[in-house]
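Data block for work.cif (mmCIF, C-alpha atoms):
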data_query
#
loop_
_atom_site.label_atom_id
_atom_site.label_comp_id
_atom_site.auth_asym_id
_atom_site.auth_seq_id
_atom_site.Cartn_x
_atom_site.Cartn_y
_atom_site.Cartn_z
CA MET A 1 -1.69 39.35 -22.13
CA LYS A 2 -3.42 36.40 -20.53
CA ILE A 3 -1.68 33.02 -20.55
CA CYS A 4 -2.66 29.53 -19.45
CA ARG A 5 -0.37 27.04 -17.75
CA ILE A 6 -1.00 23.30 -17.76
CA GLN A 7 0.43 21.84 -14.57
CA VAL A 8 0.62 18.54 -12.67
CA TYR A 9 0.46 18.17 -8.89
CA ASP A 10 2.07 15.14 -7.22
CA VAL A 11 0.27 14.21 -3.98
CA THR A 12 3.24 12.20 -2.70
CA THR A 13 5.89 14.88 -3.06
CA ALA A 14 3.59 17.94 -2.97
CA ALA A 15 5.48 19.19 -6.02
CA THR A 16 3.87 21.03 -8.93
CA THR A 17 5.36 20.56 -12.40
CA LEU A 18 4.76 22.95 -15.29
CA VAL A 19 3.90 20.94 -18.40
CA HIS A 20 3.00 23.56 -21.01
CA THR A 21 2.40 27.31 -21.28
CA SER A 22 0.33 28.97 -23.99
CA SER A 23 -0.84 32.44 -24.90
CA ALA A 24 -2.07 31.34 -28.34
CA VAL A 25 -4.69 28.72 -27.33
CA HIS A 26 -6.93 29.00 -24.27
CA PHE A 27 -6.62 25.47 -22.89
CA GLU A 28 -9.06 24.14 -20.29
CA ALA A 29 -10.16 21.04 -18.36
CA PRO A 30 -7.54 18.29 -18.67
CA ASN A 31 -8.30 14.56 -18.65
CA TRP A 32 -5.48 12.02 -18.19
CA THR A 33 -5.51 8.92 -20.40
CA ALA A 34 -4.18 5.47 -19.57
CA ASP A 35 -1.34 5.87 -22.07
CA GLY A 36 0.01 9.06 -20.46
CA ARG A 37 -1.63 11.86 -22.40
CA LEU A 38 -3.60 14.89 -21.28
CA ILE A 39 -6.75 15.65 -23.25
CA LEU A 40 -7.91 19.27 -23.17
CA ASN A 41 -10.27 21.55 -24.99
CA GLY A 42 -8.97 24.78 -26.45
CA ASP A 43 -10.73 27.35 -28.65
CA GLY A 44 -13.60 24.93 -29.31
CA LEU A 45 -11.33 22.07 -30.34
CA LEU A 46 -9.96 18.92 -28.67
CA TRP A 47 -6.21 18.60 -28.05
CA SER A 48 -3.76 15.92 -26.89
CA LEU A 49 -0.57 16.64 -24.94
CA PRO A 50 1.96 14.22 -23.39
CA ALA A 51 1.59 14.48 -19.62
CA ASP A 52 5.34 15.11 -19.30
CA GLY A 53 5.21 18.00 -21.79
CA SER A 54 7.73 16.31 -24.08
CA GLU A 55 5.81 17.37 -27.20
CA PRO A 56 3.57 20.35 -27.98
CA PRO A 57 -0.21 19.95 -27.98
CA ARG A 58 -1.70 18.26 -31.03
CA GLN A 59 -5.26 18.76 -32.22
CA ILE A 60 -7.50 15.69 -32.28
CA ARG A 61 -9.50 16.31 -35.44
CA LEU A 62 -13.15 15.37 -35.03
CA ASP A 63 -15.45 15.31 -38.06
CA GLY A 64 -19.03 16.49 -37.86
CA VAL A 65 -19.10 17.92 -34.34
CA PRO A 66 -19.92 21.55 -33.43
CA GLU A 67 -17.61 23.73 -31.34
CA LEU A 68 -16.78 21.98 -28.07
CA ASN A 69 -17.03 23.22 -24.50
CA ASN A 70 -14.90 21.95 -21.61
CA ASP A 71 -16.97 18.92 -20.58
CA HIS A 72 -15.30 15.80 -21.98
CA VAL A 73 -14.56 12.41 -20.40
CA PRO A 74 -12.63 9.37 -21.73
CA ALA A 75 -14.35 6.00 -21.60
CA PRO A 76 -12.85 3.07 -19.65
CA ASP A 77 -11.88 1.33 -22.92
CA GLY A 78 -9.02 3.81 -23.43
CA GLU A 79 -10.07 4.45 -27.03
CA THR A 80 -13.31 6.43 -26.78
CA ILE A 81 -14.04 9.90 -25.47
CA TYR A 82 -17.41 11.53 -24.89
CA VAL A 83 -17.57 15.29 -25.52
CA SER A 84 -20.13 18.04 -24.95
CA ALA A 85 -20.64 20.54 -27.76
CA ASN A 86 -22.07 24.04 -27.77
CA ASP A 87 -25.20 22.83 -29.55
CA GLY A 88 -26.16 21.28 -26.21
CA HIS A 89 -25.53 17.64 -27.15
CA ILE A 90 -23.10 14.87 -26.17
CA TYR A 91 -21.07 13.06 -28.84
CA GLU A 92 -19.04 9.86 -28.88
CA ALA A 93 -15.65 10.12 -30.57
CA SER A 94 -12.40 8.23 -30.93
CA LEU A 95 -9.28 9.54 -29.21
CA ARG A 96 -7.63 9.07 -32.61
CA GLY A 97 -10.08 11.52 -34.18
CA GLY A 98 -12.41 11.04 -37.12
CA ALA A 99 -16.18 10.75 -37.32
CA VAL A 100 -18.38 11.23 -34.25
CA ARG A 101 -21.77 9.90 -33.17
CA ARG A 102 -24.36 12.01 -31.39
CA VAL A 103 -25.62 10.31 -28.21
CA THR A 104 -28.35 12.66 -27.00
CA SER A 105 -31.57 13.72 -28.71
CA ALA A 106 -33.74 15.59 -26.17
CA GLY A 107 -34.15 19.34 -26.53
CA ARG A 108 -32.50 20.18 -23.22
CA MET A 109 -28.82 21.19 -22.97
CA HIS A 110 -26.48 18.35 -21.96
CA PHE A 111 -23.18 18.87 -20.12
CA LEU A 112 -21.25 15.62 -19.63
CA HIS A 113 -19.21 14.91 -16.51
CA GLY A 114 -19.11 11.18 -15.79
CA VAL A 115 -18.90 7.74 -17.37
CA SER A 116 -19.83 4.65 -15.34
CA PRO A 117 -16.99 2.20 -14.59
CA ASP A 118 -18.47 -0.33 -17.04
CA GLY A 119 -18.58 2.32 -19.78
CA GLU A 120 -22.33 1.90 -20.32
CA ILE A 121 -23.88 4.99 -18.69
CA LEU A 122 -23.11 8.72 -18.90
CA ALA A 123 -23.85 11.16 -16.07
CA TYR A 124 -24.65 14.67 -17.21
CA VAL A 125 -26.22 17.98 -16.23
CA GLY A 126 -29.51 18.69 -18.02
CA ILE A 127 -30.70 22.28 -18.43
CA ASP A 128 -33.98 23.41 -19.93
CA ARG A 129 -33.03 26.15 -22.38
CA PRO A 130 -32.28 28.86 -21.46
CA ASP A 131 -32.97 28.61 -17.71
CA TRP A 132 -29.72 27.65 -15.96
CA ALA A 133 -31.59 27.47 -12.65
CA THR A 134 -33.17 24.23 -13.90
CA ALA A 135 -29.81 22.40 -13.86
CA SER A 136 -30.32 18.87 -12.56
CA LEU A 137 -28.61 15.49 -12.74
CA TRP A 138 -29.41 12.93 -15.42
CA THR A 139 -27.99 9.65 -16.69
CA ILE A 140 -28.25 8.17 -20.17
CA GLY A 141 -26.98 5.01 -21.83
CA VAL A 142 -24.16 5.43 -24.31
CA ASP A 143 -26.64 4.14 -26.90
CA GLY A 144 -28.87 7.17 -26.24
CA GLU A 145 -31.49 5.09 -24.40
CA ARG A 146 -32.60 5.09 -20.74
CA ASP A 147 -32.48 8.88 -20.32
CA THR A 148 -33.23 9.24 -16.59
CA ARG A 149 -33.58 12.25 -14.28
CA LEU A 150 -31.89 11.80 -10.86
CA THR A 151 -32.65 15.13 -9.16
CA ALA A 152 -35.53 17.57 -9.30
CA PRO A 153 -35.00 21.02 -10.84
CA GLY A 154 -34.09 23.87 -8.51
CA GLY A 155 -30.83 22.65 -6.98
CA THR A 156 -28.47 24.10 -9.61
CA ASP A 157 -26.65 20.76 -9.63
CA ASP A 158 -23.43 20.25 -11.61
CA GLY A 159 -20.37 18.05 -12.04
CA PRO A 160 -21.85 14.53 -11.62
CA GLU A 161 -19.08 11.93 -11.60
CA TYR A 162 -19.13 8.22 -10.72
CA THR A 163 -16.91 6.82 -8.00
CA PRO A 164 -14.50 4.12 -9.26
CA ASP A 165 -16.68 1.38 -7.76
CA GLY A 166 -19.82 2.80 -9.39
CA GLU A 167 -21.69 2.94 -6.07
CA TRP A 168 -22.11 6.73 -5.95
CA ILE A 169 -22.27 9.81 -8.14
CA TYR A 170 -20.54 12.80 -6.56
CA PHE A 171 -21.55 16.32 -7.58
CA ASN A 172 -21.88 19.94 -6.44
CA THR A 173 -25.21 21.56 -5.69
CA GLU A 174 -26.92 24.60 -4.22
CA ARG A 175 -29.96 22.64 -3.01
CA PHE A 176 -28.73 22.79 0.59
CA GLY A 177 -28.22 26.56 0.62
CA PRO A 178 -26.89 29.49 -1.43
CA ASN A 179 -23.28 28.24 -1.52
CA ALA A 180 -22.49 25.30 -3.80
CA GLN A 181 -21.42 22.30 -1.70
CA ILE A 182 -20.22 18.80 -2.50
CA ALA A 183 -22.81 16.02 -2.24
CA ARG A 184 -23.37 12.48 -3.45
CA ILE A 185 -26.29 10.42 -4.74
CA ARG A 186 -26.86 6.79 -5.64
CA PRO A 187 -27.04 6.10 -9.40
CA ASP A 188 -30.73 5.26 -8.97
CA GLY A 189 -31.42 8.76 -7.59
CA THR A 190 -31.70 7.79 -3.91
CA GLY A 191 -29.61 8.57 -0.83
CA VAL A 192 -28.61 12.20 -1.42
CA GLN A 193 -26.05 13.31 1.17
CA GLN A 194 -24.36 16.66 1.71
CA LEU A 195 -20.60 16.26 2.33
CA THR A 196 -19.11 19.76 2.71
CA PHE A 197 -20.60 22.42 4.99
CA ASP A 198 -18.19 25.37 4.94
CA GLU A 199 -18.65 28.97 3.85
CA ARG A 200 -16.71 28.48 0.61
CA VAL A 201 -18.24 27.65 -2.78
CA ASN A 202 -17.20 24.11 -3.72
CA TRP A 203 -17.32 22.56 -7.20
CA PHE A 204 -16.29 19.56 -9.30
CA PRO A 205 -15.32 16.64 -7.06
CA HIS A 206 -13.01 14.15 -8.81
CA PHE A 207 -11.98 10.74 -7.43
CA ALA A 208 -8.59 9.13 -8.10
CA PRO A 209 -8.91 5.87 -10.07
CA ASP A 210 -8.12 3.73 -7.02
CA GLY A 211 -10.73 5.54 -4.90
CA SER A 212 -8.15 6.52 -2.29
CA ARG A 213 -8.67 10.29 -2.47
CA ALA A 214 -10.52 13.06 -4.25
CA VAL A 215 -9.80 16.64 -5.29
CA TYR A 216 -12.25 19.51 -5.77
CA LEU A 217 -12.26 23.18 -6.72
CA SER A 218 -13.04 25.68 -3.95
CA TYR A 219 -14.05 29.30 -4.61
CA PRO A 220 -14.09 32.22 -2.15
CA PRO A 221 -17.28 32.73 -0.13
CA GLY A 222 -20.00 34.52 -2.03
CA THR A 223 -18.92 33.40 -5.50
CA THR A 224 -21.80 32.95 -7.95
CA GLY A 225 -21.50 30.01 -10.34
CA HIS A 226 -18.04 28.86 -11.37
CA PRO A 227 -16.43 31.89 -13.01
CA ALA A 228 -12.92 32.33 -14.35
CA ASP A 229 -10.13 34.55 -13.05
CA LEU A 230 -10.47 34.28 -9.30
CA SER A 231 -8.12 33.20 -6.55
CA VAL A 232 -9.21 29.59 -5.98
CA GLU A 233 -8.02 26.50 -4.13
CA LEU A 234 -7.66 22.86 -5.04
CA ARG A 235 -8.55 20.78 -1.99
CA LEU A 236 -7.60 17.16 -1.37
CA VAL A 237 -9.77 14.87 0.72
CA GLU A 238 -9.86 11.24 1.80
CA PRO A 239 -13.13 9.41 1.00
CA ASP A 240 -14.39 9.62 4.60
CA GLY A 241 -12.77 12.94 5.42
CA TRP A 242 -14.93 15.53 3.71
CA GLN A 243 -15.08 17.55 6.92
CA SER A 244 -11.30 18.00 6.92
CA PRO A 245 -10.10 18.79 3.38
CA ARG A 246 -6.54 19.94 2.81
CA THR A 247 -5.70 22.81 0.46
CA VAL A 248 -2.83 21.66 -1.77
CA VAL A 249 -2.76 24.38 -4.47
CA ARG A 250 -3.76 28.04 -4.49
CA LEU A 251 -3.95 29.52 -7.98
CA PRO A 252 -5.51 32.10 -10.28
CA GLY A 253 -8.24 30.26 -12.12
CA GLY A 254 -11.67 28.72 -11.71
CA GLN A 255 -13.56 27.98 -14.91
CA GLY A 256 -11.31 25.69 -16.95
CA THR A 257 -8.99 24.75 -14.09
CA ILE A 258 -10.32 21.29 -13.23
CA ASN A 259 -13.85 20.95 -14.67
CA VAL A 260 -13.41 17.23 -15.42
CA ASN A 261 -11.48 14.34 -13.89
CA SER A 262 -7.75 14.78 -14.46
CA TRP A 263 -6.21 12.10 -12.19
CA SER A 264 -3.29 10.03 -13.46
CA PRO A 265 -3.85 6.26 -13.86
CA ASP A 266 -1.60 5.61 -10.82
CA SER A 267 -3.74 7.92 -8.63
CA ASP A 268 -0.65 9.85 -7.50
CA ARG A 269 -1.03 12.99 -9.63
CA PHE A 270 -3.65 15.24 -11.13
CA ALA A 271 -3.44 17.89 -13.85
CA PHE A 272 -4.92 21.37 -13.70
CA VAL A 273 -4.76 24.68 -15.56
CA ASP A 274 -4.14 28.13 -14.09
CA TYR A 275 -4.44 31.52 -15.75
CA PRO A 276 -1.96 34.13 -14.54
CA GLU A 277 -1.66 37.47 -16.26
CA GLY A 278 1.32 37.54 -18.59
#
Write-out of the structure in structure tokens:
Amino acid sequence: MKICRIQVYDVTTAATTLVHTSSAVHFEAPNWTADGRLILNGDGLLWSLPADGSEPPRQIRLDGVPELNNDHVPAPDGETIYVSANDGHIYEASLRGGAVRRVTSAGRMHFLHGVSPDGEILAYVGIDRPDWATASLWTIGVDGERDTRLTAPGGTDDGPEYTPDGEWIYFNTERFGPNAQIARIRPDGTGVQQLTFDERVNWFPHFAPDGSRAVYLSYPPGTTGHPADLSVELRLVEPDGWQSPRTVVRLPGGQGTINVNSWSPDSDRFAFVDYPEG
């Protein structure tokens, strides 16, 4: 029997705390809200869980949205969350639940990963159905306007996320070679820079709210895509130290472990999910 474990890593103490274990719901991709909750997807639904595990997960009931995938990001206002659904569109919802509003309209598939610090722009991966090799970076206003391509097709880009100061969008890409590496780009689509150069397959860079550090998911060499159920690493890096990351957690996981930003508001902890065999 496969189980999932929601955990929190403290960068100051290097301690990992188990928050919740489940074999009934397949939880993935935690966010951390300003009021101390973890937001996760599980079985196509959205869930809320106190970050200290003091209560069991509670479903956030959203009306009028298709089954969700694991790309969801809270807005800076602390009340709104943007979610990606399996119909290929992004929706705006309240963290309290209720009715949703569809943001996107184009026929491509949209996978959300970032919200600008001012809450006005979403960064997402656009894919021309059904060709996943066309994955490229886009931004769009939360009003559904100003839909803008940042990168050309062919790089298999993913995971675009704004830095806390809004100056850069960090992401992973294969446009520099066969192994996914971490890179960054200006929000206007200029200044692309490769940041990691190792033999591993690196995905999903996430900055702490104060900008002091980042964490990313690192797969074994030769991994294709970002699959589940592998021995992976979570690597911590200082903003100018991408050539010397530090592995802080080794775990069974991958897909679902840390797809979206899960840093605590104080920038001292991040949440992740692993998937050991029961």
task: Quick one: apply the PyMOL selection byres ((chain A and resi 142) around 6) to the file and drop the selected residues here as a ChimeraX atom specification.
output: /A:120-121,141,143-144
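Our summary of the geometry notes that atom CA of Arg102 of chain A is positioned 9.5 Å from atom CA of Tyr82 of chain A.
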message: Between atom CA of Val83 of chain A and atom CA of Gly64 of chain A, what is the distance in Å, rounded to a tenth?
response: 12.5 Å
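Counting only C-alpha atoms, Arg61 of chain A has the following residues at most 9 Å away, ignoring those fewer than 4 positions along the same chain: A:Leu45, A:Leu46, A:Trp47, A:Arg96, A:Gly97, A:Gly98, A:Ala99.
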Within 10 Å of segment 12-33 of chain A: each segment 71-175 of chain A residue with its shortest pair, only C-alpha atoms, as a Markdown table:
| residue | atom | partner | partner_atom | distance |
| --- | --- | --- | --- | --- |
| A:Asp71 | CA | A:Ala29 | CA | 7.5 |
| A:His72 | CA | A:Asn31 | CA | 7.9 |
| A:Val73 | CA | A:Asn31 | CA | 6.8 |
| A:Pro74 | CA | A:Thr33 | CA | 7.3 |
| A:Ala75 | CA | A:Thr33 | CA | 9.4 |
| A:Pro76 | CA | A:Thr33 | CA | 9.4 |
| A:Gly78 | CA | A:Thr33 | CA | 6.9 |
| A:Glu79 | CA | A:Thr33 | CA | 9.2 |
| A:Ile81 | CA | A:Thr33 | CA | 10.0 |
| A:Leu95 | CA | A:Thr33 | CA | 9.6 |
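Residue nearest Arg186 of chain A, chosen from A:Ala133, A:Ala123, A:Phe204, A:Leu236 and counting only C-alpha atoms: A:Ala123.
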Determine, for each residue of segment 149-199 of chain A having at least one atom at most 12 Å from an atom of segment 255-270 of chain A, the closest pair of atoms and their separation in Å to one decimal, counting all atoms listed in the file; order by chain and ascending number, as CSV.
residue,atom,partner,partner_atom,distance
A:Asp158,CA,A:Asn259,CA,10.1
A:Gly159,CA,A:Asn259,CA,7.6
A:Pro160,CA,A:Val260,CA,9.6
A:Glu161,CA,A:Asn261,CA,8.3
A:Tyr162,CA,A:Asn261,CA,10.3
A:Thr163,CA,A:Asn261,CA,11.0
A:Pro164,CA,A:Ser267,CA,11.4
A:Tyr170,CA,A:Asn261,CA,11.8
A:Phe171,CA,A:Val260,CA,11.3
A:Asn172,CA,A:Asn259,CA,11.5
